[in-house]
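> One file: coords.tsv (TSV, C-alpha atoms).
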```
chain	number	residue	atom	x	y	z
A	177	ALA	CA	-26.41	-2.33	-22.46
A	178	LEU	CA	-24.81	1.03	-22.96
A	179	ALA	CA	-27.22	3.92	-23.35
A	180	GLU	CA	-27.38	5.42	-26.80
A	181	GLY	CA	-28.67	8.87	-27.57
A	182	ARG	CA	-30.00	11.82	-25.74
A	183	GLY	CA	-31.77	11.64	-22.43
A	184	ALA	CA	-31.29	7.87	-22.02
A	185	GLY	CA	-33.13	6.62	-18.95
A	186	PRO	CA	-31.30	5.31	-15.90
A	187	ARG	CA	-30.44	1.62	-15.83
A	188	PRO	CA	-31.36	-0.37	-12.70
A	189	VAL	CA	-28.70	-0.36	-10.00
A	190	ALA	CA	-28.23	-3.58	-8.05
A	191	ALA	CA	-26.98	-2.58	-4.62
A	192	PRO	CA	-25.56	-5.30	-2.34
A	193	ARG	CA	-26.77	-5.64	1.22
A	194	GLY	CA	-25.58	-2.75	3.39
A	195	ALA	CA	-24.97	-0.38	0.46
A	196	PRO	CA	-27.27	2.54	-0.38
A	197	ARG	CA	-30.26	1.48	-2.49
A	198	GLY	CA	-31.02	4.98	-3.74
A	199	ILE	CA	-29.70	8.52	-3.62
A	200	GLU	CA	-31.85	9.25	-0.55
A	201	GLU	CA	-29.64	6.82	1.39
A	202	VAL	CA	-26.34	8.43	0.37
A	203	ASP	CA	-24.85	10.49	3.19
A	204	ARG	CA	-23.46	13.93	2.35
A	205	GLY	CA	-22.56	15.07	5.85
A	206	GLU	CA	-18.96	13.84	6.12
A	207	ILE	CA	-16.88	16.69	4.71
A	208	LEU	CA	-13.13	16.16	4.43
A	209	GLY	CA	-10.63	18.96	4.84
A	210	PHE	CA	-12.43	21.80	3.09
A	211	GLY	CA	-15.71	22.64	4.72
A	212	ALA	CA	-16.48	26.00	6.26
A	213	ASP	CA	-13.41	25.54	8.49
A	214	LEU	CA	-10.45	25.89	6.15
A	215	ALA	CA	-7.04	24.29	6.54
A	216	GLU	CA	-4.10	26.56	7.36
A	217	ASP	CA	-2.62	26.22	3.87
A	218	HIS	CA	-5.87	27.35	2.21
A	219	PRO	CA	-5.60	30.78	0.47
A	220	GLY	CA	-8.62	32.01	2.43
A	221	TYR	CA	-7.61	30.76	5.87
A	222	HIS	CA	-6.77	34.24	7.22
A	223	ASP	CA	-9.69	35.96	5.47
A	224	ARG	CA	-12.48	36.19	8.06
A	225	ASP	CA	-15.07	37.55	5.64
A	226	TYR	CA	-14.36	34.79	3.15
A	227	LYS	CA	-14.70	32.11	5.82
A	228	LEU	CA	-18.01	33.56	6.98
A	229	ARG	CA	-19.24	33.64	3.41
A	230	ARG	CA	-18.27	30.00	2.96
A	231	ALA	CA	-20.01	29.04	6.20
A	232	GLY	CA	-23.26	30.64	5.03
A	233	ILE	CA	-23.21	28.87	1.67
A	234	ALA	CA	-22.35	25.57	3.37
A	235	ALA	CA	-25.28	25.96	5.78
A	236	ARG	CA	-27.72	26.40	2.90
A	237	ALA	CA	-26.32	23.31	1.18
A	238	ASN	CA	-26.71	21.25	4.35
A	239	ALA	CA	-30.31	22.41	4.74
A	240	HIS	CA	-31.26	21.30	1.23
A	241	ARG	CA	-33.56	18.28	0.90
A	242	LEU	CA	-33.99	16.02	-2.09
A	243	GLY	CA	-36.78	17.17	-4.38
A	244	GLU	CA	-36.49	20.81	-3.36
A	245	PRO	CA	-35.03	23.47	-5.69
A	246	ILE	CA	-31.33	23.99	-5.07
A	247	PRO	CA	-30.79	27.14	-2.98
A	248	GLN	CA	-29.82	30.19	-5.00
A	249	VAL	CA	-26.59	32.01	-4.14
A	250	ASP	CA	-26.40	35.74	-4.84
A	251	TYR	CA	-22.80	35.98	-5.97
A	252	THR	CA	-20.94	39.15	-5.11
A	253	PRO	CA	-19.15	41.41	-7.63
A	254	GLU	CA	-15.86	40.02	-6.33
A	255	GLU	CA	-17.02	36.45	-6.92
A	256	LEU	CA	-18.24	37.38	-10.39
A	257	ALA	CA	-14.80	38.83	-11.13
A	258	THR	CA	-13.22	35.51	-10.15
A	259	TRP	CA	-15.63	33.57	-12.36
A	260	ARG	CA	-15.03	35.98	-15.24
A	261	SER	CA	-11.26	35.64	-14.90
A	262	VAL	CA	-11.34	31.84	-14.86
A	263	MET	CA	-13.84	31.30	-17.68
A	264	GLY	CA	-12.43	34.11	-19.81
A	265	ARG	CA	-9.00	32.49	-19.98
A	266	LEU	CA	-10.30	28.94	-20.47
A	267	GLU	CA	-12.45	29.98	-23.43
A	268	ASP	CA	-9.25	30.69	-25.35
A	269	LEU	CA	-7.92	27.14	-24.88
A	270	TRP	CA	-10.99	24.88	-25.01
A	271	PRO	CA	-11.41	24.92	-28.82
A	272	GLN	CA	-7.86	23.63	-29.24
A	273	TYR	CA	-7.46	21.20	-26.35
A	274	ALA	CA	-10.90	20.05	-25.10
A	275	CYS	CA	-12.53	16.87	-26.40
A	276	GLU	CA	-15.27	17.00	-29.03
A	277	GLU	CA	-18.00	15.93	-26.60
A	278	PHE	CA	-17.20	18.76	-24.21
A	279	LEU	CA	-17.30	21.33	-26.99
A	280	ALA	CA	-20.63	19.95	-28.26
A	281	SER	CA	-22.27	20.00	-24.82
A	282	LEU	CA	-20.97	23.33	-23.52
A	283	PRO	CA	-23.44	25.55	-25.46
A	284	LYS	CA	-26.40	23.73	-23.87
A	285	PHE	CA	-25.65	25.47	-20.57
A	286	GLY	CA	-25.38	29.04	-21.83
A	287	PHE	CA	-22.36	29.80	-19.63
A	288	THR	CA	-20.97	33.31	-20.02
A	289	PRO	CA	-18.15	35.14	-18.22
A	290	ASP	CA	-20.59	37.90	-17.31
A	291	ARG	CA	-22.85	35.83	-15.03
A	292	VAL	CA	-22.28	33.12	-12.44
A	293	PRO	CA	-24.75	30.28	-13.13
A	294	GLN	CA	-26.97	28.78	-10.46
A	295	LEU	CA	-26.79	25.05	-9.69
A	296	GLN	CA	-30.55	24.68	-10.15
A	297	GLU	CA	-30.24	25.87	-13.76
A	298	VAL	CA	-27.49	23.34	-14.43
A	299	HIS	CA	-29.50	20.59	-12.74
A	300	GLU	CA	-32.42	21.28	-15.08
A	301	VAL	CA	-30.20	21.04	-18.17
A	302	LEU	CA	-28.80	17.68	-17.03
A	303	GLN	CA	-32.26	16.36	-16.22
A	304	ARG	CA	-33.34	17.19	-19.75
A	305	GLU	CA	-30.25	15.85	-21.50
A	306	THR	CA	-29.23	12.71	-19.58
A	307	GLY	CA	-31.43	12.39	-16.51
A	308	TRP	CA	-28.59	13.22	-14.13
A	309	SER	CA	-29.09	15.33	-11.01
A	310	VAL	CA	-27.03	17.87	-9.09
A	311	ARG	CA	-27.11	17.85	-5.29
A	312	PRO	CA	-25.51	20.69	-3.31
A	313	VAL	CA	-22.84	19.79	-0.78
A	314	ALA	CA	-20.96	21.83	1.82
A	315	GLY	CA	-17.44	20.81	0.78
A	316	LEU	CA	-15.21	17.92	-0.26
A	317	LEU	CA	-17.37	14.86	0.37
A	318	HIS	CA	-16.05	11.56	1.73
A	319	PRO	CA	-14.97	9.46	-1.30
A	320	ARG	CA	-17.35	6.58	-0.55
A	321	ASP	CA	-20.37	8.90	-0.37
A	322	PHE	CA	-19.36	10.88	-3.44
A	323	LEU	CA	-18.78	7.75	-5.54
A	324	ASN	CA	-22.00	6.16	-4.25
A	325	GLY	CA	-23.88	9.21	-5.53
A	326	LEU	CA	-22.56	8.63	-9.05
A	327	ALA	CA	-24.14	5.16	-9.04
A	328	PHE	CA	-27.52	6.88	-8.79
A	329	ARG	CA	-26.73	9.46	-11.47
A	330	THR	CA	-26.20	12.24	-8.97
A	331	PHE	CA	-23.26	14.64	-8.84
A	332	HIS	CA	-22.59	16.33	-5.51
A	333	SER	CA	-21.47	19.88	-6.21
A	334	THR	CA	-20.16	22.77	-4.16
A	335	GLN	CA	-21.54	26.29	-4.63
A	336	TYR	CA	-18.80	28.49	-3.18
A	337	MET	CA	-16.17	30.37	-5.17
A	338	ARG	CA	-12.42	29.98	-4.76
A	339	HIS	CA	-10.53	32.69	-2.90
A	340	PRO	CA	-10.01	35.82	-5.06
A	341	SER	CA	-6.32	36.16	-4.18
A	342	ASN	CA	-5.45	33.56	-6.84
A	343	PRO	CA	-8.21	32.84	-9.37
A	344	GLU	CA	-5.98	30.35	-11.19
A	345	TYR	CA	-5.63	28.03	-8.19
A	346	THR	CA	-7.89	26.17	-5.79
A	347	PRO	CA	-6.86	23.30	-3.48
A	348	GLU	CA	-10.43	21.98	-3.48
A	349	PRO	CA	-13.46	21.64	-5.74
A	350	ASP	CA	-15.22	25.00	-6.09
A	351	LEU	CA	-17.98	26.31	-8.36
A	352	CYS	CA	-15.60	27.10	-11.23
A	353	HIS	CA	-14.25	23.56	-11.17
A	354	GLU	CA	-17.67	21.94	-10.85
A	355	LEU	CA	-19.43	23.93	-13.56
A	356	LEU	CA	-16.66	24.50	-16.09
A	357	GLY	CA	-14.97	21.14	-15.60
A	358	HIS	CA	-17.63	18.56	-14.77
A	359	MET	CA	-21.06	19.70	-15.88
A	360	PRO	CA	-20.76	19.99	-19.68
A	361	LEU	CA	-19.79	16.34	-20.12
A	362	LEU	CA	-22.55	15.15	-17.81
A	363	ALA	CA	-24.85	16.20	-20.66
A	364	ASN	CA	-23.24	13.49	-22.83
A	365	PRO	CA	-24.93	10.05	-22.43
A	366	MET	CA	-21.89	7.90	-23.19
A	367	TYR	CA	-19.68	9.82	-20.79
A	368	CYS	CA	-22.37	9.41	-18.13
A	369	GLU	CA	-22.31	5.64	-18.61
A	370	MET	CA	-18.62	5.64	-17.85
A	371	VAL	CA	-18.96	7.80	-14.75
A	372	GLN	CA	-21.89	5.77	-13.45
A	373	ALA	CA	-19.84	2.57	-13.79
A	374	VAL	CA	-17.29	3.94	-11.32
A	375	GLY	CA	-20.13	4.77	-8.94
A	376	GLU	CA	-21.66	1.31	-9.24
A	377	ALA	CA	-18.31	-0.26	-8.44
A	378	SER	CA	-18.22	1.75	-5.20
A	379	LEU	CA	-21.43	0.09	-4.00
A	380	HIS	CA	-19.55	-3.22	-3.94
A	381	ALA	CA	-16.48	-1.87	-2.14
A	382	GLU	CA	-16.22	-3.54	1.25
A	383	THR	CA	-13.02	-1.95	2.49
A	384	ASP	CA	-11.43	1.48	2.63
A	385	LYS	CA	-8.63	0.08	0.48
A	386	GLU	CA	-11.11	-0.67	-2.30
A	387	ILE	CA	-12.63	2.80	-2.03
A	388	TRP	CA	-9.14	4.31	-2.21
A	389	HIS	CA	-8.43	2.31	-5.37
A	390	LEU	CA	-11.70	3.50	-6.93
A	391	SER	CA	-10.87	7.08	-5.95
A	392	LYS	CA	-7.67	6.78	-7.95
A	393	VAL	CA	-9.51	5.32	-10.94
A	394	TYR	CA	-11.91	8.28	-10.74
A	395	TRP	CA	-8.98	10.69	-10.42
A	396	HIS	CA	-7.21	9.36	-13.50
A	397	THR	CA	-10.38	9.43	-15.61
A	398	VAL	CA	-13.09	11.87	-14.52
A	399	GLU	CA	-10.63	14.39	-13.04
A	400	PHE	CA	-7.54	14.07	-15.23
A	401	GLY	CA	-8.44	11.78	-18.11
A	402	VAL	CA	-7.69	12.36	-21.79
A	403	VAL	CA	-9.09	10.75	-24.93
A	404	ARG	CA	-7.60	10.17	-28.38
A	405	GLN	CA	-9.51	11.91	-31.15
A	406	ARG	CA	-8.50	12.36	-34.80
A	407	GLY	CA	-4.87	11.56	-34.06
A	408	GLU	CA	-4.59	13.98	-31.13
A	409	VAL	CA	-4.94	13.78	-27.35
A	410	LYS	CA	-7.83	15.86	-26.00
A	411	ALA	CA	-8.85	16.64	-22.42
A	412	PHE	CA	-12.02	15.34	-20.79
A	413	GLY	CA	-10.96	15.40	-17.12
A	414	ALA	CA	-12.51	18.22	-15.10
A	415	GLY	CA	-9.23	18.99	-13.37
A	416	ILE	CA	-7.73	19.76	-16.78
A	417	LEU	CA	-10.69	21.51	-18.37
A	418	SER	CA	-11.19	23.90	-15.43
A	419	SER	CA	-7.52	24.90	-15.07
A	420	TYR	CA	-5.83	27.19	-17.60
A	421	GLY	CA	-2.36	26.09	-16.56
A	422	GLU	CA	-3.18	22.37	-16.51
A	423	LEU	CA	-4.95	22.53	-19.86
A	424	LEU	CA	-1.98	24.29	-21.46
A	425	HIS	CA	0.39	21.79	-19.81
A	426	MET	CA	-1.57	18.89	-21.29
A	427	GLY	CA	-2.12	20.48	-24.69
A	428	GLU	CA	1.54	21.28	-25.22
A	429	GLY	CA	2.51	17.69	-24.55
A	430	ARG	CA	4.49	18.23	-21.35
A	431	ALA	CA	3.24	15.03	-19.69
A	432	GLU	CA	3.51	11.32	-20.44
A	433	ILE	CA	0.43	9.61	-21.89
A	434	ARG	CA	-0.39	6.19	-20.46
A	435	THR	CA	-3.10	3.58	-21.11
A	436	LEU	CA	-5.75	3.19	-18.42
A	437	ASP	CA	-5.94	-0.17	-16.63
A	438	PRO	CA	-8.45	0.03	-13.73
A	439	PHE	CA	-7.57	-3.53	-12.68
A	440	ALA	CA	-3.96	-2.58	-11.93
A	441	LYS	CA	-2.62	-0.84	-8.85
A	442	GLN	CA	-2.99	2.90	-9.43
A	443	PRO	CA	-0.28	5.50	-8.76
A	444	LYS	CA	-0.87	8.15	-6.15
A	445	MET	CA	-3.13	11.12	-6.78
A	446	SER	CA	-1.04	14.26	-7.13
A	447	TYR	CA	-2.76	17.55	-6.35
A	448	LYS	CA	-0.16	19.59	-4.46
A	449	ASP	CA	2.89	18.81	-6.59
A	450	GLY	CA	2.20	21.09	-9.54
A	451	TYR	CA	0.75	19.89	-12.83
A	452	GLN	CA	0.23	16.20	-13.57
A	453	GLN	CA	3.25	14.34	-14.88
A	454	TYR	CA	1.15	11.79	-16.78
A	455	TYR	CA	-2.39	11.36	-18.06
A	456	TYR	CA	-4.34	8.17	-18.78
A	457	ALA	CA	-5.86	8.00	-22.25
A	458	LEU	CA	-9.03	6.33	-23.52
A	459	GLU	CA	-9.66	5.50	-27.16
A	460	SER	CA	-13.26	6.69	-26.77
A	461	PHE	CA	-15.89	7.16	-24.06
A	462	ARG	CA	-17.59	3.98	-25.28
A	463	ASP	CA	-14.38	2.02	-24.74
A	464	GLY	CA	-14.01	3.63	-21.32
A	465	ALA	CA	-17.58	2.75	-20.36
A	466	LEU	CA	-17.16	-0.88	-21.43
A	467	LEU	CA	-13.87	-1.16	-19.56
A	468	LEU	CA	-15.23	0.34	-16.35
A	469	GLU	CA	-18.49	-1.61	-16.49
A	470	ASP	CA	-16.44	-4.80	-16.79
A	471	PHE	CA	-14.38	-3.67	-13.82
A	472	ALA	CA	-17.50	-2.87	-11.78
A	473	ARG	CA	-18.84	-6.41	-12.31
A	474	ARG	CA	-15.88	-8.02	-10.51
A	475	ASP	CA	-16.33	-9.56	-7.07
A	476	SER	CA	-13.60	-7.30	-5.73
A	477	VAL	CA	-13.16	-3.71	-6.92
A	478	GLY	CA	-9.64	-3.34	-5.55
A	479	PRO	CA	-6.49	-3.79	-7.65
A	480	GLU	CA	-5.59	-7.26	-8.88
A	481	THR	CA	-2.82	-8.94	-6.92
A	482	PRO	CA	0.04	-10.72	-8.70
```
Please, can you express the file's structure as structure tokens?

Amino acid sequence: ALAEGRGAGPRPVAAPRGAPRGIEEVDRGEILGFGADLAEDHPGYHDRDYKLRRAGIAARANAHRLGEPIPQVDYTPEELATWRSVMGRLEDLWPQYACEEFLASLPKFGFTPDRVPQLQEVHEVLQRETGWSVRPVAGLLHPRDFLNGLAFRTFHSTQYMRHPSNPEYTPEPDLCHELLGHMPLLANPMYCEMVQAVGEASLHAETDKEIWHLSKVYWHTVEFGVVRQRGEVKAFGAGILSSYGELLHMGEGRAEIRTLDPFAKQPKMSYKDGYQQYYYALESFRDGALLLEDFARRDSVGPETP
């Protein structure tokens, strides 16, 4: 049954043999592409101080153990300026283009452009509102491990800030994306049911192909999904809500709106080709949760074959 209301308790998760049976069994050590060692096309690749800063934050994340408070990061004035720039611009667009659930949950966190929040504070809000947890991670986690974490109501989050040379762009998940894009909606119980369904499906994925399919379903919902509300299309995907340019692109109707079908083969994930050319729409989070829970119950969580 779908959870109703605030702070709904976690439902039991049936993990098949060989899959993690709890969050303590989910690995967070396999970082892809954006750990402390940055790729050559990263804005901070030639910035030695930035790379050292990232390495220090990553080391603290790796040292964290479940049940301990999340390590605090003392953000620098330069990092605060980046946070202020990103949040300050987004605040102007959210009332017009963000979904109702995001706008209702955002005040619970007390985010302000004048202070970078700590992950532990956000974790405590989620624990109170929906029972979800935040777990620090050093970088972009392997898709299987990240999705497995969602099954156990845990969101793996980075703590580092994007490079200051371009506050409007990041090729990877950073603190601005995690906090301003993902966290507010994780305080909404019905949204959490939908996200957890994707995670539960990953526990049954036997092949990399199935994980890749689930990654695309996640991409087109949790990262770049939209929902129809009061005759308009509103953003709920974190990749839209945490990007001024993407949010404006969506809000002004510059992309095609499609209907989500998780059973069908998914198009590629586009993250280096500019703004999204299409978004997948839900009629409501309840409809999305029902659809994805039905999908997660299938014997195979890959796309249906003709």
> List every residue of stretch 311-426 of chain A that has an atom at most 9 Å from any atom of stretch 237-261 of chain A, and for each one report the closest atom pair and its distance in Å to one decimal, counting all atoms listed in the file, with rows sorted by chain and then by increasing residue number, as a tab-separated table.

```
residue	atom	partner	partner_atom	distance
A:Arg311	CA	A:Ile246	CA	7.5
A:Pro312	CA	A:Ala237	CA	5.3
A:Val313	CA	A:Ala237	CA	5.3
A:Ala314	CA	A:Ala237	CA	5.6
A:Thr334	CA	A:Ala237	CA	8.2
A:Gln335	CA	A:Val249	CA	7.6
A:Tyr336	CA	A:Val249	CA	8.6
A:Met337	CA	A:Glu255	CA	6.4
A:Arg338	CA	A:Thr258	CA	7.8
A:His339	CA	A:Thr258	CA	8.2
A:Pro340	CA	A:Thr258	CA	6.0
A:Asn342	CA	A:Thr258	CA	8.7
A:Pro343	CA	A:Thr258	CA	5.7
A:Glu344	CA	A:Ser261	CA	8.3
A:Leu351	CA	A:Trp259	CA	8.6
A:Cys352	CA	A:Trp259	CA	6.6
```
> Box along x, y and z, 8 Å on every side, all listed atoms of stretch 345-360 of chain A inside: centre and edge lengths in Å to one decimal, as JSON.

```
{"center_x": -13.3, "center_y": 23.3, "center_z": -11.6, "size_x": 31.4, "size_y": 25.5, "size_z": 32.2}
```
> Quote the spacing between atom CA of A:Ile416 and atom CA of A:Lys227 in Å to one decimal place.
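It comes out at 26.7 Å.
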> Extract, using only C-alpha atoms, all DNA, RNA and protein residues at most 7 Å from stretch 327-331 of chain A, discarding same-chain residues fewer than 6 positions from it, and format them as a ChimeraX atom specification.
/A:198-199,308-311,372-373,375-376
> Would you work out the distance separating atom CA of A:Pro196 from atom CA of A:Val374, expressed in Å to one decimal?
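Going from atom CA of A:Pro196 over to atom CA of A:Val374 covers 14.9 Å.
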> Using all atoms listed in the file, find all polymer residues with an atom at most 7 Å away from the point (-8.4, 22.4, -1.9); report them as a ChimeraX atom specification.
/A:210,218,346-349
> Considering only C-alpha atoms, return as a PyMOL selection string whatever protein or nucleic-acid residues lie within 10 Å of A:Glu459, sequence-local ones (same chain, fewer than 3 positions apart) excluded.
chain A and resi 402-405+409+435-436+462-464
> Rounded to one decimal, what separation in Å do you get between atom CA of A:Glu305 and atom CA of A:Met359?
11.4 Å
> Could you tell me which of A:His353, A:Arg224, A:Lys284, A:His318 comes closest to A:Ile387 if we count all atoms listed in the file?
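Of A:His353, A:Arg224, A:Lys284, A:His318, the one nearest A:Ile387 is A:His318, counting all atoms listed in the file.
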> Need to verify the contact set: stretch 443-457 of chain A, 9 Å, all atoms listed in the file, exclusion of same-chain residues closer than 5 positions in sequence. Can you return it as a PyMOL selection string?
chain A and resi 347+391-392+395-397+400-404+409-410+421-422+425-426+430-437
> Can you pull out the residues contacting A:Glu267? Cut-off 12 Å, using only C-alpha atoms, and skip same-chain residues under 2 positions away; I want them as a compact mmCIF listing (two decimals) with C-alpha atoms, in the coordinates of the input.

```txt
# COMPACT_ATOMS: atom_id res chain seq x y z
CA ARG A 260 -15.03 35.98 -15.24
CA SER A 261 -11.26 35.64 -14.90
CA VAL A 262 -11.34 31.84 -14.86
CA MET A 263 -13.84 31.30 -17.68
CA GLY A 264 -12.43 34.11 -19.81
CA ARG A 265 -9.00 32.49 -19.98
CA LEU A 269 -7.92 27.14 -24.88
CA TRP A 270 -10.99 24.88 -25.01
CA PRO A 271 -11.41 24.92 -28.82
CA GLN A 272 -7.86 23.63 -29.24
CA TYR A 273 -7.46 21.20 -26.35
CA ALA A 274 -10.90 20.05 -25.10
CA LEU A 279 -17.30 21.33 -26.99
CA LEU A 282 -20.97 23.33 -23.52
CA PHE A 287 -22.36 29.80 -19.63
CA THR A 288 -20.97 33.31 -20.02
CA PRO A 289 -18.15 35.14 -18.22
CA LEU A 356 -16.66 24.50 -16.09
CA LEU A 417 -10.69 21.51 -18.37
CA SER A 418 -11.19 23.90 -15.43
CA SER A 419 -7.52 24.90 -15.07
CA TYR A 420 -5.83 27.19 -17.60
CA LEU A 423 -4.95 22.53 -19.86
```
> Quick one: of A:Ile207, A:Leu361, A:Ala377, A:Leu323, who's nearest to A:Pro283, counting all atoms listed in the file?
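Closest candidate: A:Leu361.
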> Which polymer residues have any atom within 8 Å of an atom of A:Glu386, counting all atoms listed in the file, with same-chain residues fewer than 2 positions away left out, as a list in words?
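Returned residues: Ala381, Glu382, Thr383, Asp384, Trp388, His389, Leu390, Ser476, Val477, Gly478 and Pro479 of chain A.
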> Which of these residues is nearest to A:Glu277, using all atoms listed in the file: A:Phe322, A:Tyr367, A:Phe471, A:Tyr394?
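The answer is A:Tyr367, which sits nearest to A:Glu277.
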